[in-house]
Each structure stands twice: as structure tokens, then as C-alpha cells.
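coords.cif (mmCIF, C-alpha atoms and all ligand atoms) appears below.
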data_my_file
loop_
_atom_site.label_atom_id
_atom_site.label_comp_id
_atom_site.auth_asym_id
_atom_site.auth_seq_id
_atom_site.Cartn_x
_atom_site.Cartn_y
_atom_site.Cartn_z
CA MET D 734 110.69 126.94 98.51
CA TYR D 735 114.11 128.15 99.53
CA ALA D 736 114.58 125.18 101.82
CA TYR D 737 113.84 122.87 98.94
CA LYS D 738 116.29 124.64 96.72
CA LEU D 739 118.99 124.57 99.38
CA ASP D 740 118.47 120.82 99.83
CA GLU D 741 118.79 120.28 96.15
CA PHE D 742 121.95 122.35 96.08
CA ALA D 743 123.47 120.37 98.93
CA GLN D 744 122.80 117.11 97.14
CA GLN D 745 124.48 118.34 94.03
CA ALA D 746 127.48 119.67 95.82
CA GLY D 747 128.00 116.83 98.27
CA ARG D 748 129.19 117.18 101.80
CA LEU D 749 132.51 118.88 102.44
CA ASP D 750 134.90 116.49 104.24
CA CYS D 751 137.91 118.70 104.60
CA ALA D 752 139.62 121.91 103.58
CA ILE D 753 143.30 122.39 102.81
CA ILE D 754 144.62 125.86 103.52
CA VAL D 755 147.66 126.95 101.54
CA PRO D 756 149.34 130.28 102.33
CA ILE D 757 150.86 131.76 99.19
CA LEU D 758 153.38 134.44 98.50
CA ASN D 759 154.94 134.35 95.05
CA GLU D 760 154.66 130.65 94.24
CA ALA D 761 153.64 130.89 90.59
CA ALA D 762 155.53 127.81 89.43
CA ASN D 763 154.31 125.65 92.32
CA ILE D 764 150.56 126.20 92.28
CA GLN D 765 149.49 123.98 89.41
CA PRO D 766 151.64 120.99 90.45
CA LEU D 767 150.48 121.35 94.06
CA ILE D 768 146.80 121.22 93.10
CA GLU D 769 147.43 118.16 90.97
CA LYS D 770 149.32 116.40 93.76
CA ILE D 771 146.65 117.15 96.35
CA GLY D 772 143.96 116.05 93.92
CA THR D 773 145.72 112.72 93.39
CA VAL D 774 146.02 111.85 97.07
CA LEU D 775 142.58 113.08 98.07
CA THR D 776 140.46 111.19 95.57
CA GLY D 777 137.43 109.96 97.44
CA TYR D 778 137.34 113.03 99.67
CA ASP D 779 135.13 116.00 99.09
CA ALA D 780 137.76 118.61 99.72
CA GLU D 781 138.29 122.27 99.03
CA ILE D 782 141.64 123.99 98.71
CA ILE D 783 141.80 127.54 100.03
CA PHE D 784 144.73 129.64 98.91
CA VAL D 785 145.45 132.73 100.98
CA ASP D 786 147.52 135.25 99.05
CA ASP D 787 149.20 138.27 100.59
CA GLY D 788 149.78 140.24 97.42
CA SER D 789 151.96 138.05 95.21
CA THR D 790 153.56 139.94 92.36
CA ASP D 791 154.80 137.03 90.26
CA GLY D 792 151.52 136.08 88.60
CA SER D 793 150.44 133.62 91.33
CA LEU D 794 147.19 135.45 91.81
CA GLU D 795 146.26 135.37 88.14
CA ILE D 796 146.98 131.64 88.00
CA LEU D 797 144.93 131.01 91.13
CA GLU D 798 141.98 133.06 89.98
CA SER D 799 141.77 131.40 86.60
CA ILE D 800 141.84 127.96 88.23
CA ALA D 801 139.28 129.01 90.86
CA ALA D 802 136.98 130.44 88.21
CA ALA D 803 136.72 127.00 86.64
CA ASN D 804 136.58 124.93 89.81
CA ARG D 805 134.37 125.37 92.86
CA SER D 806 136.70 123.36 95.09
CA ILE D 807 139.51 125.84 94.67
CA ARG D 808 139.06 129.12 96.51
CA VAL D 809 141.23 132.19 96.78
CA ILE D 810 141.40 134.71 99.60
CA ARG D 811 143.23 137.89 98.73
CA ARG D 812 144.57 140.08 101.46
CA ILE D 813 145.65 143.63 100.83
CA GLY D 814 148.26 145.48 102.84
CA ARG D 815 148.84 142.53 105.15
CA ARG D 816 151.75 140.17 105.56
CA GLY D 817 152.21 137.16 107.76
CA LEU D 818 152.00 133.42 107.45
CA SER D 819 150.12 132.79 110.71
CA SER D 820 147.46 135.42 110.21
CA ALA D 821 146.95 134.29 106.60
CA VAL D 822 146.32 130.75 107.80
CA VAL D 823 143.87 131.97 110.44
CA GLU D 824 141.86 133.79 107.78
CA GLY D 825 141.73 130.60 105.74
CA PHE D 826 140.34 128.74 108.74
CA LEU D 827 137.67 131.34 109.34
CA SER D 828 136.48 131.06 105.76
CA THR D 829 135.59 127.36 105.73
CA VAL D 830 132.92 125.16 107.32
CA ALA D 831 134.74 121.88 106.66
CA PRO D 832 134.89 119.80 109.87
CA VAL D 833 138.55 118.91 109.29
CA VAL D 834 141.02 121.55 108.15
CA ALA D 835 144.60 120.95 107.05
CA VAL D 836 147.36 123.48 106.47
CA MET D 837 150.30 123.03 104.13
CA ASP D 838 152.90 125.17 102.39
CA GLY D 839 152.44 126.12 98.76
CA ASP D 840 156.00 125.39 97.66
CA LEU D 841 155.82 121.56 97.43
CA GLN D 842 158.13 121.09 100.43
CA HIS D 843 155.40 119.32 102.39
CA ASP D 844 154.74 115.75 101.29
CA GLU D 845 151.07 115.61 100.33
CA SER D 846 151.01 111.80 100.49
CA VAL D 847 150.62 111.92 104.29
CA LEU D 848 147.50 114.12 104.07
CA PRO D 849 145.06 111.16 104.02
CA ALA D 850 146.62 109.71 107.19
CA MET D 851 146.30 113.05 108.98
CA ILE D 852 142.71 113.56 107.88
CA ALA D 853 141.71 109.98 108.69
CA ALA D 854 143.13 110.28 112.22
CA LEU D 855 140.75 113.16 112.90
CA GLN D 856 137.75 111.64 111.17
CA SER D 857 138.05 108.40 113.13
CA GLY D 858 138.31 110.33 116.39
CA GLU D 859 141.81 108.96 117.07
CA ALA D 860 143.17 112.50 117.52
CA ASP D 861 142.05 116.14 117.49
CA LEU D 862 145.21 117.37 115.81
CA ALA D 863 147.55 115.52 113.45
CA TYR D 864 150.83 116.98 112.29
CA GLY D 865 153.57 116.18 109.87
CA SER D 866 156.83 115.63 111.73
CA ARG D 867 160.32 115.74 110.29
CA TYR D 868 161.77 114.44 113.54
CA ALA D 869 159.58 111.39 114.11
CA GLY D 870 160.90 107.97 113.04
CA GLY D 871 160.90 107.85 109.25
CA GLY D 872 160.76 111.62 108.87
CA SER D 873 163.61 113.88 107.84
CA VAL D 874 164.46 117.51 107.22
CA GLY D 875 166.03 116.69 103.86
CA ASP D 876 169.31 118.26 102.83
CA TRP D 877 169.60 121.05 105.32
CA ALA D 878 172.94 122.70 106.00
CA ALA D 879 174.37 122.09 109.49
CA ASP D 880 173.71 125.66 110.65
CA ARG D 881 170.04 125.58 109.68
CA LEU D 882 169.69 122.22 111.44
CA MET D 883 171.24 123.65 114.57
CA ILE D 884 169.02 126.75 114.57
CA SER D 885 165.97 124.54 114.10
CA ASN D 886 167.04 122.32 117.01
CA VAL D 887 167.54 125.28 119.34
CA ALA D 888 164.18 126.75 118.32
CA THR D 889 162.48 123.40 118.90
CA ARG D 890 163.99 123.14 122.37
CA MET D 891 162.91 126.68 123.23
CA ALA D 892 159.37 125.84 122.16
CA GLY D 893 159.21 123.18 124.86
CA SER D 894 158.72 125.86 127.49
CA VAL D 895 155.42 127.11 126.08
CA MET D 896 153.75 123.92 124.86
CA LYS D 897 151.07 122.20 126.88
CA THR D 898 151.23 119.31 124.43
CA PRO D 899 154.74 118.12 123.59
CA LEU D 900 155.33 117.89 119.82
CA SER D 901 158.36 116.32 118.14
CA ASP D 902 158.26 119.06 115.46
CA PRO D 903 156.59 122.21 116.81
CA MET D 904 158.10 124.24 113.95
CA SER D 905 156.07 122.28 111.43
CA GLY D 906 153.64 124.23 109.31
CA PHE D 907 152.01 121.01 108.10
CA PHE D 908 149.05 119.77 110.14
CA ALA D 909 145.33 119.10 110.33
CA ILE D 910 142.96 119.99 113.14
CA ARG D 911 139.26 119.64 113.90
CA ARG D 912 137.63 122.92 112.94
CA GLU D 913 135.69 123.20 116.21
CA LEU D 914 138.82 122.84 118.29
CA PHE D 915 140.52 125.49 116.20
CA LEU D 916 137.59 127.88 116.68
CA ASP D 917 137.80 127.35 120.47
CA ILE D 918 141.48 128.30 120.44
CA ALA D 919 141.32 131.07 117.81
CA PRO D 920 140.54 134.01 120.14
CA ARG D 921 143.65 133.23 122.19
CA LEU D 922 146.09 132.96 119.28
CA SER D 923 148.88 135.46 119.06
CA GLN D 924 149.00 135.23 115.23
CA ALA D 925 152.49 136.73 115.31
CA GLY D 926 154.98 135.47 112.78
CA TYR D 927 155.30 132.10 111.15
CA LYS D 928 154.60 129.40 113.66
CA ILE D 929 150.88 128.79 113.66
CA LEU D 930 151.05 125.18 114.88
CA LEU D 931 153.13 126.20 117.89
CA ASP D 932 150.78 129.11 118.51
CA ILE D 933 147.79 126.72 118.52
CA VAL D 934 149.38 124.24 120.89
CA ALA D 935 150.69 126.96 123.21
CA SER D 936 147.36 128.77 123.29
CA HIS D 937 145.23 125.83 124.39
CA PRO D 938 145.06 125.53 128.19
CA GLU D 939 144.88 121.73 128.19
CA PRO D 940 146.89 119.12 126.32
CA ILE D 941 145.49 118.23 122.89
CA ARG D 942 145.19 114.65 121.67
CA VAL D 943 147.74 114.61 118.87
CA LYS D 944 149.03 112.18 116.31
CA GLN D 945 152.34 112.67 114.56
CA VAL D 946 152.82 111.53 111.00
CA PRO D 947 156.44 111.33 109.83
CA TYR D 948 157.33 112.90 106.51
CA LYS D 949 160.40 113.95 104.57
CA PHE D 950 160.74 117.69 104.04
CA ARG D 951 161.46 118.24 100.36
CA THR D 952 163.92 120.71 98.93
CA ARG D 953 162.37 123.73 97.30
CA THR D 954 162.79 123.55 93.52
CA ALA D 955 160.99 126.71 92.36
CA GLY D 956 160.56 130.15 93.87
CA GLU D 957 162.30 131.47 96.96
CA SER D 958 161.89 131.05 100.70
CA LYS D 959 160.25 134.01 102.41
CA LEU D 960 162.17 133.49 105.63
CA ASP D 961 164.31 136.51 106.46
CA SER D 962 166.14 137.74 109.52
CA MET D 963 162.86 138.98 111.01
CA VAL D 964 161.74 135.40 111.47
CA VAL D 965 163.99 134.90 114.48
CA LEU D 966 162.68 138.06 116.09
CA GLU D 967 159.08 137.08 115.44
CA TYR D 968 159.70 133.66 116.87
CA VAL D 969 161.11 135.08 120.12
CA GLU D 970 158.17 137.48 120.24
CA LEU D 971 155.72 134.60 119.94
CA LEU D 972 157.45 132.67 122.74
CA LEU D 973 157.56 135.75 124.99
CA GLU D 974 153.93 136.46 124.36
CA LYS D 975 152.99 132.94 125.36
CA LEU D 976 155.25 133.05 128.44
CA VAL D 977 154.55 136.50 129.89
CA GLY D 978 152.06 138.09 127.49
CA ARG D 979 149.26 137.91 130.01
CA LEU D 980 151.26 139.90 132.56
CA VAL D 981 153.05 142.44 130.36
CA PRO D 982 152.53 143.34 126.71
CA VAL D 983 155.53 142.09 124.71
CA LYS D 984 155.69 145.44 122.94
CA LEU D 985 156.21 147.14 126.31
CA LEU D 986 159.21 144.86 126.93
CA MET D 987 160.61 145.73 123.50
CA PHE D 988 159.95 149.43 124.11
CA GLY D 989 161.79 149.12 127.42
CA ALA D 990 164.74 147.39 125.77
CA VAL D 991 164.98 150.19 123.22
CA GLY D 992 164.82 152.69 126.08
CA LEU D 993 167.79 151.05 127.80
CA VAL D 994 169.87 151.25 124.62
CA GLY D 995 168.65 154.83 124.21
CA THR D 996 170.04 155.70 127.65
CA LEU D 997 173.47 154.56 126.52
CA VAL D 998 173.12 156.65 123.36
CA HIS D 999 172.16 159.61 125.54
CA LEU D 1000 175.25 159.22 127.68
CA ALA D 1001 177.51 158.84 124.65
CA LEU D 1002 176.08 161.98 123.03
CA LEU D 1003 176.37 163.92 126.28
CA TRP D 1004 179.98 162.89 126.70
CA GLY D 1005 180.73 163.77 123.07
CA ALA D 1006 179.13 167.21 123.33
CA LEU D 1007 180.88 168.01 126.60
CA THR D 1008 184.36 166.81 125.79
CA GLY D 1009 184.44 166.97 121.98
CA LEU D 1010 182.50 170.16 121.34
CA GLY D 1011 183.09 171.81 124.69
CA ALA D 1012 179.39 172.69 124.98
CA SER D 1013 177.88 173.92 128.23
CA PHE D 1014 176.14 171.21 130.26
CA ALA D 1015 172.65 172.55 129.55
CA ILE D 1016 173.23 172.64 125.80
CA ALA D 1017 174.93 169.24 125.81
CA GLN D 1018 172.18 167.65 127.89
CA GLY D 1019 169.50 169.23 125.70
CA SER D 1020 171.07 167.99 122.46
CA ALA D 1021 171.72 164.55 123.93
CA THR D 1022 168.07 164.31 124.96
CA LEU D 1023 166.87 165.24 121.49
CA GLY D 1024 169.33 162.85 119.90
CA ALA D 1025 168.36 159.97 122.19
CA MET D 1026 164.66 160.64 121.61
CA THR D 1027 165.19 160.52 117.86
CA PHE D 1028 167.19 157.34 118.24
CA ASN D 1029 164.44 155.75 120.37
CA PHE D 1030 161.79 156.80 117.90
CA ALA D 1031 163.69 155.42 114.90
CA LEU D 1032 164.52 152.13 116.59
CA ASN D 1033 161.00 151.57 117.94
CA ASN D 1034 159.70 152.31 114.47
CA VAL D 1035 161.69 149.52 112.83
CA PHE D 1036 161.77 147.09 115.76
CA THR D 1037 158.89 147.35 118.25
CA TYR D 1038 156.37 148.66 115.74
CA ARG D 1039 157.74 147.20 112.51
CA ASP D 1040 154.19 145.99 111.81
CA ARG D 1041 153.02 149.62 111.79
CA LYS D 1042 156.19 151.22 110.46
CA LEU D 1043 155.90 154.92 109.61
CA THR D 1044 157.53 156.17 106.43
CA GLY D 1045 157.74 159.40 104.42
CA TRP D 1046 156.06 162.43 105.94
CA ARG D 1047 154.33 160.21 108.53
CA TRP D 1048 157.82 159.48 109.86
CA VAL D 1049 158.21 163.21 110.53
CA THR D 1050 154.80 163.71 112.17
CA GLY D 1051 155.38 160.48 114.10
CA TRP D 1052 158.70 161.79 115.35
CA LEU D 1053 157.03 165.03 116.47
CA SER D 1054 154.26 163.23 118.36
CA PHE D 1055 156.82 160.88 119.90
CA CYS D 1056 158.91 163.81 121.18
CA ALA D 1057 155.80 165.55 122.51
CA ALA D 1058 154.60 162.44 124.35
CA CYS D 1059 158.05 161.75 125.80
CA GLY D 1060 158.32 165.39 126.86
CA ILE D 1061 155.24 164.94 129.02
CA GLY D 1062 156.71 161.63 130.22
CA ALA D 1063 159.86 163.48 131.30
CA VAL D 1064 157.80 166.01 133.27
CA ALA D 1065 155.92 163.16 134.98
CA ASN D 1066 159.21 161.40 135.64
CA VAL D 1067 160.80 164.43 137.31
CA GLY D 1068 157.59 165.32 139.18
CA ILE D 1069 157.02 161.86 140.64
CA GLY D 1070 160.69 161.36 141.43
CA THR D 1071 160.88 164.68 143.24
CA LEU D 1072 157.67 163.99 145.15
CA LEU D 1073 158.93 160.62 146.38
CA TYR D 1074 162.30 162.12 147.25
CA THR D 1075 160.71 164.85 149.37
CA GLU D 1076 158.62 162.12 151.05
CA ALA D 1077 161.97 160.81 152.31
CA TRP D 1078 162.40 157.85 149.93
CA SER D 1079 166.00 157.13 149.07
CA TRP D 1080 167.34 158.88 145.99
CA TRP D 1081 167.62 155.77 143.84
CA ILE D 1082 164.11 154.49 144.57
CA ALA D 1083 162.72 157.95 143.79
CA GLY D 1084 164.78 158.15 140.61
CA LEU D 1085 163.89 154.63 139.46
CA ALA D 1086 160.17 155.05 140.18
CA GLY D 1087 160.09 158.31 138.22
CA ALA D 1088 161.90 156.74 135.28
CA LEU D 1089 159.68 153.63 135.33
CA ILE D 1090 156.43 155.55 135.44
CA GLY D 1091 157.71 157.95 132.78
CA SER D 1092 158.60 155.01 130.53
CA VAL D 1093 155.25 153.29 130.94
CA TRP D 1094 153.59 156.61 130.15
CA ASN D 1095 155.78 157.00 127.06
CA TYR D 1096 154.85 153.50 125.93
CA ALA D 1097 151.13 153.99 126.45
CA ALA D 1098 151.02 157.48 124.97
CA THR D 1099 153.09 156.69 121.86
CA SER D 1100 151.30 153.39 121.16
CA TRP D 1101 148.15 155.47 120.98
CA LEU D 1102 149.46 158.70 119.50
CA THR D 1103 152.38 157.70 117.29
CA TRP D 1104 151.75 154.10 116.25
CA ARG D 1105 148.00 153.86 116.51
CA LYS D 1106 146.71 150.79 114.60
N1 LIG D 1201 149.91 134.42 102.55
C1 LIG D 1201 151.21 134.38 102.91
N2 LIG D 1201 151.74 135.45 103.59
N3 LIG D 1201 151.97 133.30 102.63
C2 LIG D 1201 153.27 133.30 103.01
C3 LIG D 1201 153.87 134.37 103.70
C4 LIG D 1201 153.04 135.50 104.00
O1 LIG D 1201 153.47 136.48 104.59
N4 LIG D 1201 155.16 134.05 103.94
C5 LIG D 1201 155.35 132.82 103.41
N5 LIG D 1201 154.22 132.38 102.84
C6 LIG D 1201 153.97 131.08 102.18
C7 LIG D 1201 154.94 130.67 101.11
O2 LIG D 1201 154.54 131.10 99.83
C8 LIG D 1201 154.90 129.17 101.24
O3 LIG D 1201 153.79 128.63 100.56
C9 LIG D 1201 154.72 128.93 102.73
O4 LIG D 1201 154.10 130.11 103.21
C10 LIG D 1201 156.04 128.64 103.48
O5 LIG D 1201 156.95 129.71 103.27
P1 LIG D 1201 158.50 129.45 102.96
O6 LIG D 1201 159.09 130.76 102.66
O7 LIG D 1201 158.63 128.37 101.94
O8 LIG D 1201 159.03 129.01 104.37
P2 LIG D 1201 159.96 127.78 104.83
O9 LIG D 1201 160.01 126.71 103.82
O10 LIG D 1201 161.25 128.28 105.28
O11 LIG D 1201 159.22 127.30 106.18
C11 LIG D 1201 157.99 126.73 106.10
O12 LIG D 1201 158.07 125.33 106.20
C12 LIG D 1201 158.38 124.82 107.47
C13 LIG D 1201 158.42 123.33 107.49
O13 LIG D 1201 157.20 122.78 107.59
C14 LIG D 1201 157.07 127.32 107.14
O14 LIG D 1201 155.74 126.98 106.85
C15 LIG D 1201 157.37 126.80 108.48
O15 LIG D 1201 156.36 127.25 109.37
C16 LIG D 1201 157.42 125.31 108.45
O16 LIG D 1201 157.79 124.81 109.67
MN MN D 1202 159.29 126.46 102.02
#

Go through the file and emit its structure as C-alpha cells.
Amino acid sequence: MYAYKLDEFAQQAGRLDCAIIVPILNEAANIQPLIEKIGTVLTGYDAEIIFVDDGSTDGSLEILESIAAANRSIRVIRRIGRRGLSSAVVEGFLSTVAPVVAVMDGDLQHDESVLPAMIAALQSGEADLAYGSRYAGGGSVGDWAADRLMISNVATRMAGSVMKTPLSDPMSGFFAIRRELFLDIAPRLSQAGYKILLDIVASHPEPIRVKQVPYKFRTRTAGESKLDSMVVLEYVELLLEKLVGRLVPVKLLMFGAVGLVGTLVHLALLWGALTGLGASFAIAQGSATLGAMTFNFALNNVFTYRDRKLTGWRWVTGWLSFCAACGIGAVANVGIGTLLYTEAWSWWIAGLAGALIGSVWNYAATSWLTWRK
């Protein structure tokens, strides 16, 4: 009975050829035109469009939901309390069963007319991944200022070190991939930041059969770009994770970098208290330690753990737990250092080993205690 009904339903609905995932953050003016453009180029395909919204506040969501309510082929995924282009796209992927899945921006900058060529390349078996390239013959980045062009070139060159499959435009957010291949790669994705195509290609152990499709990047006419200064940081984090992430957590490296800066802050405070305030060494060292700890906490909070940033009263309790954990780290540091020193290791090895073990302890303890997910 149910089987019969399901069969009937499938016949009515037709077979899904492909899904187009569109990440959305405040694109109210672009949604309707985008759907119309995609609809025009994909006639003949049974396609669904999946919008993934991260809490738009400009009415995008209302527009999307009213369109989706009237049309089965348009779906909306709402995420609450989350931000991030890559992870939004991943959730779109996980929500569809279409054998071919494409990803494009929701601001009309990607030229939808190349979608059929990308989809056809996968359907015919010519490639497992097809991507829109602004740097292939016939493609272009449009009217970018010289500095943006230069940044993009440097970023593209840096990407070369992590890719198993060379791409002419690894920064592209416009591509299509076989769903099964994506699902194979998905558990290894970093999902950090903006660059999901690069993440995919860098996370697959073997080269992928790719096809590039040139296109001209359009200028944005409505809404604003969501790129901010954090993008650069997230990009470097993604690259680091792909390069050394298996050996050391990238957050440990960032924590360590903050610690090095914190040491300089400590020395500056100590010097200030001794010479400026004429404090005794014990008082000066004590205040410098507290000051440096607070500095480390605040910087880690906005840099290393910006994805779990503490605010309001949780900033205060976080600061307390951070100081407590680092206090224990300091005891371990001194204890281990002293032990090694009495075992006749040279002073600097003993000192360095103590500091290193103390820092790793601080990282582990505060990632659990202070910035627990
Ligand atoms: N769900 C969600 N969450 N969507 C987001 C987020 C987010 O945190 N940030 C941005 N978006 C959406 C935007 O609404 C837009 O539809 C798309 O992602 C691209 O964002 P833009 O702010 O327009 O970025 P861009 O134009 O500078 O860069 C994009 O285009 C490049 C060229 O292909 C990015 O997609 C790049 O990855 C891409 O290379
Ligand atoms: Mn854009």
C-alpha cells in the first residue's frame, strides 16, 4: 500500500537531476531575480534550489519562505546562531539527494548561464567536479580594483601548496560536484571560513577529475559584500589546517602565538612597574603576570576563539577560569623545569621544557574549561 503510494508520488514529482545550493545573508533584492535566472537556464532539468540562510535581517527570509511555500522546488534551510559560508554550504549538501549538486552565490555575481555546462559535464561522466573560473580563457574578474586583484592573486598562489588537484581559480565559490564524491570528502572538510571549493579539493587525498568553465564575475548591484577583515585570517587558518592540521591543532598554534605576544606584554609591564612605579620585584612580577594573563585571555577570546567569543558576564567567569587554569599551568611549568634542572639538564632546556608543557596544558585546559563548545 505504502509502496504503491510512494511510486505514485515519485511519478508525479519526477526524478531530481540536480540541486543548486545558494548561501544567503541579507540578499533581499537579489533573491527573486536569481530564481528567475536559474529557472531560465535550467529549463529541462528537474532541479531544486536550496537557500541556506544564517539569520538575514533584511527581509530575505520572509521573501524566501513565501516563495518556498508556493513552490516545492525551492527550499529554505534556516540556521540559528551560526555564521559561515562554508558550513552553510555543507548543510545544504547534506539536505539533498540530488546526484549532482551545484553551489553559487546569492548576489547575482556568478553567471548562471554556465550552470548547464557544469551540470552536463558531471552527468556525462566527463568530470567529477566542474567549477566556474574567472582566470580561464574567456573568464574575467570584472572591474576589480588593482589591490583586490593582487590580494586574490597572492591567495590563489598560496592555495597551490594545499591542493591535490590544481585549479585555475581555487577561490571560486561557483561549482558543481557529484553528490557521492562530496559525501566521501565531507568528514574531512575543515569548514572554516569562506573557501569551500578549496577545502573540498584540499581535503581529498587523490586528484579529482575536474573541468573548468570560464565565466565573467559580475559586479554586485544590490546589497553588500559580507567579506570583512576576518576573511584573510580565516583563509590562512584553512591553509594551515590543511598543511599541518593533522600534526598540531591550528588553534594551538594561534594560542602559542598569543602567548609569545603575551610574554612581551609581561616584560613591558614588569619594566614599567619596576622603573615607573618603583614597585618591589615581587609586586611588579605579580602585577605583570596578572596583566599578561588578562591580555592573553582577551586576545585569545577575539582571535583564537572568535567562533566561541565570550561576552558580558561570561567574559568575567571566562577570565576567572582562564587565570585558574594558567595558574596550574605555571605550577606545572616551574615543577617540571626544576625537576629537569636538578636532573642536570642545562638551564635553558629545563626552562623551555617547563614553559612548553605549561603552555600545552594551558591550551588544553582552557579549551575545555573556558571556551568549551
Ligand atoms: N548562509 C550564509 N552565511 N551566507 C553567507 C555568509 C554566511 O555567513 N556570508 C556570505 N554569505 C552569502 C552571501 O549572501 C552571498 O550570497 C554569498 O554568500 C557570497 O558572499 P559575498 O559577501 O557576496 O562574497 P564575495 O562576493 O566577496 O565572494 C564570493 O564570491 C567569490 C567569487 O566566486 C565568495 O563566494 C567567494 O567564495 C567566491 O570566490
Ligand atoms: Mn558577492

Chain D residues near ligand LIG 1201 (chain D) within 6 Å, closest pair each, using all atoms listed in the file, as CSV:
residue,atom,partner,partner_atom,distance
D:Pro756,CA,D:LIG1201,N3,4.0
D:Ile757,CA,D:LIG1201,O2,3.8
D:Leu758,CA,D:LIG1201,O2,3.8
D:Asn759,CA,D:LIG1201,O2,5.8
D:Glu760,CA,D:LIG1201,O2,5.6
D:Val785,CA,D:LIG1201,N1,5.0
D:Asp786,CA,D:LIG1201,N1,4.3
D:Asp787,CA,D:LIG1201,N1,4.4
D:Arg816,CA,D:LIG1201,O1,4.2
D:Gly817,CA,D:LIG1201,O1,3.5
D:Leu818,CA,D:LIG1201,C4,4.2
D:Ala821,CA,D:LIG1201,N1,5.0
D:Asp838,CA,D:LIG1201,O3,4.0
D:Gly839,CA,D:LIG1201,O3,3.4
D:Asp840,CA,D:LIG1201,O3,4.9
D:Met904,CA,D:LIG1201,O16,4.3
D:Ser905,CA,D:LIG1201,O16,3.5
D:Gly906,CA,D:LIG1201,C16,4.0
D:Phe907,CA,D:LIG1201,O13,5.5
D:Tyr927,CA,D:LIG1201,O15,5.3
D:Lys928,CA,D:LIG1201,O15,5.1
D:Ser958,CA,D:LIG1201,O6,3.4
D:Lys959,CA,D:LIG1201,O6,3.5
D:Leu960,CA,D:LIG1201,O6,5.1

Show which residues sit within 8 Å of range 1054-1061 of chain D, as a list in words. Count all atoms listed in the file, and ignore same-chain residues fewer than 3 positions away.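 Once the nearby chain positions are removed, what remains is Met1026, Thr1027, Phe1030, Thr1050, Gly1051, Val1064, Ala1065, Gly1091, Asn1095, Ala1098, Thr1099, Leu1102 and Thr1103 of chain D.
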
Could you jot down the CA of Pro899 in chain D to CA of Glu824 in chain D separation for me, Å, one decimal place?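 Between CA of Pro899 in chain D and CA of Glu824 in chain D the gap is 25.7 Å.
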
Pick out the closest residue to ligand MN 1202 (chain D) from this set: D:Thr952, D:Asn804, D:Gly814, D:Thr790. Count all atoms listed in the file.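 Once distances to ligand MN 1202 (chain D) are computed over all atoms listed in the file, the minimum belongs to D:Thr952.
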
Which of these residues is nearest to Ser820 in chain D, using all atoms listed in the file: D:Gly956, D:Gly926, D:Gly1045, D:Gly992? D:Gly926

With all atoms listed in the file as the basis for distance, which of D:Ala1086, D:Val836, D:Ala850, D:Ala802 is at the shortest distance from Arg912 in chain D?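 Of D:Ala1086, D:Val836, D:Ala850, D:Ala802, the one nearest Arg912 in chain D, counting all atoms listed in the file, is D:Val836.
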
Residues at most 12 Å from Tyr778 in chain D, counting only C-alpha atoms, excluding those fewer than 6 positions away in the same chain, as a PyMOL selection string? chain D and resi 747-753+771-772+806+831+833+848-849+852-853+856

Final N, CA and C atoms of range 819-839 of chain D as a short mmCIF file (atom, residue, chain, number, x, y, z; two decimals), in the coordinates of the input:
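Below you can see out_5.cif, which holds the result:
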data_model
loop_
_atom_site.label_atom_id
_atom_site.label_comp_id
_atom_site.auth_asym_id
_atom_site.auth_seq_id
_atom_site.Cartn_x
_atom_site.Cartn_y
_atom_site.Cartn_z
N SER D 819 151.11 133.25 109.72
CA SER D 819 150.12 132.79 110.71
C SER D 819 148.77 133.44 110.50
N SER D 820 148.75 134.75 110.33
CA SER D 820 147.46 135.42 110.21
C SER D 820 146.77 135.04 108.90
N ALA D 821 147.55 134.74 107.86
CA ALA D 821 146.95 134.29 106.60
C ALA D 821 146.25 132.95 106.81
N VAL D 822 146.91 132.06 107.54
CA VAL D 822 146.32 130.75 107.80
C VAL D 822 145.04 130.89 108.62
N VAL D 823 145.05 131.77 109.61
CA VAL D 823 143.87 131.97 110.44
C VAL D 823 142.69 132.44 109.57
N GLU D 824 142.95 133.33 108.64
CA GLU D 824 141.86 133.79 107.78
C GLU D 824 141.31 132.67 106.90
N GLY D 825 142.19 131.77 106.48
CA GLY D 825 141.73 130.60 105.74
C GLY D 825 140.78 129.76 106.58
N PHE D 826 141.17 129.52 107.82
CA PHE D 826 140.34 128.74 108.74
C PHE D 826 138.95 129.37 108.89
N LEU D 827 138.94 130.68 109.05
CA LEU D 827 137.67 131.34 109.34
C LEU D 827 136.74 131.35 108.13
N SER D 828 137.29 130.97 106.97
CA SER D 828 136.48 131.06 105.76
C SER D 828 135.87 129.72 105.37
N THR D 829 136.11 128.68 106.14
CA THR D 829 135.59 127.36 105.73
C THR D 829 134.67 126.77 106.79
N VAL D 830 133.77 125.88 106.36
CA VAL D 830 132.92 125.16 107.32
C VAL D 830 133.28 123.68 107.34
N ALA D 831 134.34 123.29 106.66
CA ALA D 831 134.74 121.88 106.66
C ALA D 831 135.08 121.45 108.08
N PRO D 832 134.65 120.25 108.49
CA PRO D 832 134.89 119.80 109.87
C PRO D 832 136.37 119.51 110.15
N VAL D 833 137.11 119.18 109.12
CA VAL D 833 138.55 118.91 109.29
C VAL D 833 139.31 119.88 108.38
N VAL D 834 140.30 120.55 108.95
CA VAL D 834 141.02 121.55 108.15
C VAL D 834 142.52 121.27 108.24
N ALA D 835 143.15 121.17 107.08
CA ALA D 835 144.60 120.95 107.05
C ALA D 835 145.30 122.21 106.55
N VAL D 836 146.57 122.34 106.92
CA VAL D 836 147.36 123.48 106.47
C VAL D 836 148.65 122.94 105.86
N MET D 837 149.00 123.41 104.69
CA MET D 837 150.30 123.03 104.13
C MET D 837 150.90 124.16 103.30
N ASP D 838 152.22 124.13 103.16
CA ASP D 838 152.90 125.17 102.39
C ASP D 838 152.59 125.03 100.91
N GLY D 839 152.75 126.13 100.19
CA GLY D 839 152.44 126.12 98.76
C GLY D 839 153.65 125.94 97.88
#
